[in-house]
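Student: First the structure, then my questions, so here it is.
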Amino acid sequence: AAIYPQDGDSLSRLMASADTALNDLKAGGRGGVRLFAPAMLRQAELAAEQFGLARMIIRQHLAEPHYQPKVDLANGRMIGMEALLRWRDADGELQLPAKVSEAFNDYDLANGIGEMMQTKVFADMARWRTFDLPLVPVSINVTPVEFLRGDFARRLLARMRHFDIPPAWIEIEVTEQMLSSRHAEFIARDLRLLKAQGVIITLDDFGTGHSSFTHLRDYPIDTLKIDSGFVRRIDVDPSSLAVVKAVIALGALFQVKVIAEGE
């Protein structure tokens, strides 16, 4: 909806404002009413800018996986890695995913970047094997819209077979918010298929949203990941310490591993 005259003093401007409100509503789900606000237009302009940047990343194959180690605190041994999306701008400066965060809500762009990252990660792992380097599980972040194509799991497994990567060496990270989204049915189906093939499933950002024990009960979760925001504050914030302790206790209770993010 858009209201005359504050949202537009002509038919074309009113329709444009109403269309902006419609797109804003659709981004959060189907159904409902949304009244236009100027902030929506600024958000739409930001999204358009980020979409253009994401298209350039895909077109020029600019995505670079950067690997963050996972370390066992008991012995200091590296037990895994997380593949993080990075790319370089025209000046060669390394850029973070936040620069294209809106693109991860777009079906085509999220899939394009996701598939590029998967291919480059698997190619790296295959190259490491040729040098007889010992492999550790590598985790890959997945966005909700990547599951909407209906064959995400099958395509991922096929790409792994192409590079001869054993499923046990790949970890898929999903956020708890994804399991409560309107795409949860698609996500659950593919996670179960991947789990059956030996892929590791990690629940990221646990404790930052509407945490539910049913997620641990109903989904094939292997690992809980504590958000770095809690970990950084455990020395100064008793509530953050309590959250970290509670998640560790839940991990033991549900027999899943626990990863704590932090520097």
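Please note that chains go A, B, ... in the order of the structure tokens, that every chain numbers its residues from 1, and that ligands are numbered from 1 in the order shown.
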Fewer than 6 positions away in the same chain doesn't count, so skip those; otherwise give me all residues within 9 Å of Pro97 (chain A), counting only C-alpha atoms, as a ChimeraX atom specification.
Tutor: /A:84-87
Student: Store the residues picked out above, limited to N, CA, C and O atoms, as an mmCIF file, in the first residue's frame.
Tutor:
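selection13.cif, written as the output of this step:
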```
data_model
loop_
_atom_site.group_PDB
_atom_site.id
_atom_site.type_symbol
_atom_site.label_atom_id
_atom_site.label_comp_id
_atom_site.auth_asym_id
_atom_site.auth_seq_id
_atom_site.Cartn_x
_atom_site.Cartn_y
_atom_site.Cartn_z
ATOM 1 N N LEU A 84 35.330 -19.806 4.343
ATOM 2 C CA LEU A 84 34.713 -18.486 4.424
ATOM 3 C C LEU A 84 34.804 -17.791 3.071
ATOM 4 O O LEU A 84 35.853 -17.800 2.424
ATOM 5 N N LEU A 85 33.695 -17.193 2.648
ATOM 6 C CA LEU A 85 33.653 -16.479 1.374
ATOM 7 C C LEU A 85 34.404 -15.160 1.472
ATOM 8 O O LEU A 85 34.136 -14.348 2.359
ATOM 9 N N ARG A 86 35.330 -14.946 0.544
ATOM 10 C CA ARG A 86 36.032 -13.674 0.392
ATOM 11 C C ARG A 86 36.188 -13.409 -1.109
ATOM 12 O O ARG A 86 36.095 -14.306 -1.929
ATOM 13 N N TRP A 87 36.432 -12.150 -1.448
ATOM 14 C CA TRP A 87 36.816 -11.816 -2.828
ATOM 15 C C TRP A 87 37.582 -10.510 -2.790
ATOM 16 O O TRP A 87 37.604 -9.803 -1.790
#
```
Student: At a cut-off of 10 Å, using only C-alpha atoms, what residues contact Ile57 (chain A)? Leave out same-chain residues fewer than 3 positions from it and give the result as JSON, numbers by chain.
Tutor: {"A": [51, 52, 53, 54, 60, 61, 62, 63, 64, 87, 88, 89, 100, 109, 112, 113, 116]}
Student: My list of candidates is A:Glu45, A:Asp164, A:Glu171, A:Glu146. Which is closest to His183 (chain A) when distances are computed with only C-alpha atoms?
Tutor: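 Using only C-alpha atoms, His183 (chain A) sits closest to A:Glu146.
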Student: Interatomic distance between CA of Leu156 (chain A) and CA of Ala103 (chain A)?
Tutor: 20.4 Å
Student: Going by DSSP on the backbone, which residues of region 131-248 of chain A come out as alpha helix (DSSP H)? List them as a PyMOL selection string.
Tutor: chain A and resi 152-162+184-196+213-218+228-232+238-248
Student: Just the residues within 9 Å of Gly114 (chain A), please, counting only C-alpha atoms, with nothing from its chain fewer than 6 positions along; format it as a PyMOL selection string.
Tutor: chain A and resi 140-143+146
Student: Find the residues around Ile79 (chain A) up to 9 Å (only C-alpha atoms counted), leave out those fewer than 6 positions away in its own chain, and share them as a PyMOL selection string.
Tutor: chain A and resi 69-72+136-137
Student: Identify which of the residues A:Gly31, A:Val236, A:Leu25, A:Leu41 lies closest to Asp7 (chain A), counting only C-alpha atoms when measuring atom-to-atom distances.
Tutor: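 Among the listed residues, the smallest separation from Asp7 (chain A) belongs to A:Leu41.
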Student: Can you tell me, as an MDAnalysis selection string, what residues are no more than 12 Å from region 42-44 of chain A when counting only C-alpha atoms, ignoring any on the same chain fewer than 6 positions away?
Tutor: chainID A and resid 16:17 19:25 27 36 50:51 101:103
Student: If you count only C-alpha atoms, which residues fall within 10 Å of region 221-229 of chain A, apart from same-chain ones fewer than 4 positions away, as a PyMOL selection string?
Tutor: chain A and resi 171+173-176+191-192+195+199-208+215-217+233-234+240+243-244+247-248+250-251+254-263
Student: As a PyMOL selection string, please: every residue in region 82-135 of chain A that a backbone DSSP assignment puts in strand (DSSP E).
Tutor: chain A and resi 82-88+94-95
Student: Store the residues picked out above, limited to N, CA, C and O atoms, as a PDB file, in the first residue's frame.
Tutor:
```pdb
ATOM      1  N   GLU A  82      36.620 -24.172   8.441  1.00  0.00           N
ATOM      2  CA  GLU A  82      35.415 -23.579   7.870  1.00  0.00           C
ATOM      3  C   GLU A  82      35.809 -22.742   6.660  1.00  0.00           C
ATOM      4  O   GLU A  82      36.716 -21.908   6.743  1.00  0.00           O
ATOM      5  N   ALA A  83      35.146 -22.992   5.527  1.00  0.00           N
ATOM      6  CA  ALA A  83      35.417 -22.234   4.309  1.00  0.00           C
ATOM      7  C   ALA A  83      34.630 -20.929   4.346  1.00  0.00           C
ATOM      8  O   ALA A  83      33.393 -20.940   4.386  1.00  0.00           O
ATOM      9  N   LEU A  84      35.330 -19.806   4.343  1.00  0.00           N
ATOM     10  CA  LEU A  84      34.713 -18.486   4.424  1.00  0.00           C
ATOM     11  C   LEU A  84      34.804 -17.791   3.071  1.00  0.00           C
ATOM     12  O   LEU A  84      35.853 -17.800   2.424  1.00  0.00           O
ATOM     13  N   LEU A  85      33.695 -17.193   2.648  1.00  0.00           N
ATOM     14  CA  LEU A  85      33.653 -16.479   1.374  1.00  0.00           C
ATOM     15  C   LEU A  85      34.404 -15.160   1.472  1.00  0.00           C
ATOM     16  O   LEU A  85      34.136 -14.348   2.359  1.00  0.00           O
ATOM     17  N   ARG A  86      35.330 -14.946   0.544  1.00  0.00           N
ATOM     18  CA  ARG A  86      36.032 -13.674   0.392  1.00  0.00           C
ATOM     19  C   ARG A  86      36.188 -13.409  -1.109  1.00  0.00           C
ATOM     20  O   ARG A  86      36.095 -14.306  -1.929  1.00  0.00           O
ATOM     21  N   TRP A  87      36.432 -12.150  -1.448  1.00  0.00           N
ATOM     22  CA  TRP A  87      36.816 -11.816  -2.828  1.00  0.00           C
ATOM     23  C   TRP A  87      37.582 -10.510  -2.790  1.00  0.00           C
ATOM     24  O   TRP A  87      37.604  -9.803  -1.790  1.00  0.00           O
ATOM     25  N   ARG A  88      38.245 -10.185  -3.911  1.00  0.00           N
ATOM     26  CA  ARG A  88      39.064  -8.980  -3.982  1.00  0.00           C
ATOM     27  C   ARG A  88      38.428  -7.976  -4.939  1.00  0.00           C
ATOM     28  O   ARG A  88      37.957  -8.341  -6.012  1.00  0.00           O
ATOM     29  N   LEU A  94      40.792  -7.317   0.060  1.00  0.00           N
ATOM     30  CA  LEU A  94      39.940  -8.439   0.403  1.00  0.00           C
ATOM     31  C   LEU A  94      38.619  -7.940   0.976  1.00  0.00           C
ATOM     32  O   LEU A  94      38.603  -7.061   1.836  1.00  0.00           O
ATOM     33  N   GLN A  95      37.501  -8.493   0.495  1.00  0.00           N
ATOM     34  CA  GLN A  95      36.179  -8.049   0.906  1.00  0.00           C
ATOM     35  C   GLN A  95      35.429  -9.168   1.619  1.00  0.00           C
ATOM     36  O   GLN A  95      35.685 -10.358   1.392  1.00  0.00           O
TER      37      GLN A  95
END
```
Student: Tell me, in Å to one decimal, how far CA of Ala37 (chain A) is from CA of Ala2 (chain A).
Tutor: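 Between CA of Ala37 (chain A) and CA of Ala2 (chain A) the gap works out to 8.5 Å.
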Student: May I ask which of the residues A:Arg13, A:Pro167, A:Gly150, A:Asp132 is the closest one to Phe186 (chain A), counting only C-alpha atoms?
Tutor: A:Gly150
